[in-house]
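Working notes, structure below.
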Amino acid sequence: MCQAIKEMREEARLIGRNEGREEGLEETARRMLKLGKYTLEEIAICSDLSIERINELQNER
């Protein structure tokens with residue numbers, strides 16, 4: 001397989017991995033929001049998401 005195709009496959013794999021990781025972090029934040037006993041700052045620390053993103057998730061509900 002040529003090097004360009006290998007690099008494209010590796011890049012696609014890394015993108016997919018990052019998207020999956022992000023989805024998992026967002027799901028963690030959603031569960032913490034649902035519990036209602038954590039501050040946005042605590043959720044940000046635990047989920048490694050920005051407070052802005054957590055606000056977006058909160059507004060989706």
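Each chain in the structure tokens gets a letter, A, B and so on, in the order shown; residues start at 1 in every chain, and ligands are counted from 1 in the order they appear.
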Give me the residues within 12 Å of Arg53 (chain A) as a list in words, counting only C-alpha atoms and dropping any in the same chain fewer than 6 places off.
->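 Returned residues: Glu22, Glu23, Leu25, Glu26, Glu27, Ala29, Arg30, Leu40, Glu41, Ile43, Ala44, Ser47, Asn59 and Glu60 of chain A.
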Write the residues you've just listed into a file as a short mmCIF file (atom, residue, chain, number, x, y, z; two decimals), in the first residue's frame, and include N, CA, C and O atoms for each of them.
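To be explicit, this is the file written out as result.cif:
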```
data_model
loop_
_atom_site.label_atom_id
_atom_site.label_comp_id
_atom_site.auth_asym_id
_atom_site.auth_seq_id
_atom_site.Cartn_x
_atom_site.Cartn_y
_atom_site.Cartn_z
N GLU A 22 -14.60 12.33 22.47
CA GLU A 22 -15.42 13.51 22.74
C GLU A 22 -16.86 13.11 23.08
O GLU A 22 -17.45 13.65 24.02
N GLU A 23 -17.40 12.16 22.35
CA GLU A 23 -18.76 11.69 22.63
C GLU A 23 -18.85 11.09 24.03
O GLU A 23 -19.83 11.31 24.75
N LEU A 25 -16.96 11.85 26.64
CA LEU A 25 -16.86 12.93 27.62
C LEU A 25 -18.18 13.70 27.72
O LEU A 25 -18.63 14.07 28.81
N GLU A 26 -18.81 13.91 26.57
CA GLU A 26 -20.10 14.60 26.58
C GLU A 26 -21.17 13.77 27.29
O GLU A 26 -22.00 14.32 28.01
N GLU A 27 -21.13 12.48 27.11
CA GLU A 27 -22.10 11.61 27.79
C GLU A 27 -21.88 11.66 29.30
O GLU A 27 -22.85 11.70 30.08
N ALA A 29 -20.72 14.21 30.95
CA ALA A 29 -21.23 15.52 31.37
C ALA A 29 -22.75 15.51 31.43
O ALA A 29 -23.35 16.06 32.36
N ARG A 30 -23.40 14.88 30.44
CA ARG A 30 -24.87 14.80 30.45
C ARG A 30 -25.38 14.06 31.69
O ARG A 30 -26.36 14.47 32.30
N LEU A 40 -21.22 23.51 37.27
CA LEU A 40 -20.66 23.45 35.92
C LEU A 40 -19.14 23.33 35.97
O LEU A 40 -18.54 22.62 35.15
N GLU A 41 -18.54 23.98 36.94
CA GLU A 41 -17.08 23.91 37.09
C GLU A 41 -16.63 22.49 37.44
O GLU A 41 -15.63 22.00 36.91
N ILE A 43 -18.23 19.73 36.70
CA ILE A 43 -18.45 18.91 35.52
C ILE A 43 -17.33 19.15 34.51
O ILE A 43 -16.82 18.21 33.89
N ALA A 44 -16.92 20.40 34.36
CA ALA A 44 -15.83 20.73 33.44
C ALA A 44 -14.54 20.02 33.85
O ALA A 44 -13.83 19.47 33.01
N SER A 47 -15.06 16.13 33.26
CA SER A 47 -15.25 15.69 31.88
C SER A 47 -14.19 16.23 30.93
O SER A 47 -14.11 15.80 29.78
N ASN A 59 -28.37 23.07 27.66
CA ASN A 59 -29.47 23.68 26.91
C ASN A 59 -30.13 22.72 25.92
O ASN A 59 -31.23 23.00 25.46
N GLU A 60 -29.47 21.61 25.60
CA GLU A 60 -30.05 20.61 24.71
C GLU A 60 -31.20 19.89 25.39
O GLU A 60 -32.08 19.36 24.72
#
```
Quick one: pick out all helix (DSSP H, G or I) residues within chain A from a backbone DSSP run and write them as a ChimeraX atom specification.
-> /A:3-35,40-47,51-60
For Ile54 (chain A), which of A:Glu11, A:Asn18, A:Arg31, A:Lys37 is the closest residue, counting only C-alpha atoms?
-> A:Arg31
Pick out the residues sitting within 12 Å of Arg21 (chain A), and hand them over as a ChimeraX atom specification; count only C-alpha atoms, and ignore anything fewer than 6 positions along from it in its own chain.
-> /A:14-15,27-28,47-49
With C-alpha atoms kept, could you save the residues just selected as an mmCIF file, in the first residue's frame?
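Contents of the output file selection_30.cif:
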```cif
data_model
loop_
_atom_site.group_PDB
_atom_site.id
_atom_site.type_symbol
_atom_site.label_atom_id
_atom_site.label_comp_id
_atom_site.auth_asym_id
_atom_site.auth_seq_id
_atom_site.Cartn_x
_atom_site.Cartn_y
_atom_site.Cartn_z
ATOM 1 C CA LEU A 14 -7.209 9.284 14.737
ATOM 2 C CA ILE A 15 -10.158 11.489 13.823
ATOM 3 C CA GLU A 27 -22.096 11.612 27.789
ATOM 4 C CA THR A 28 -20.349 11.820 31.159
ATOM 5 C CA SER A 47 -15.250 15.693 31.876
ATOM 6 C CA ASP A 48 -12.367 17.803 30.542
ATOM 7 C CA LEU A 49 -14.915 19.832 28.546
#
```
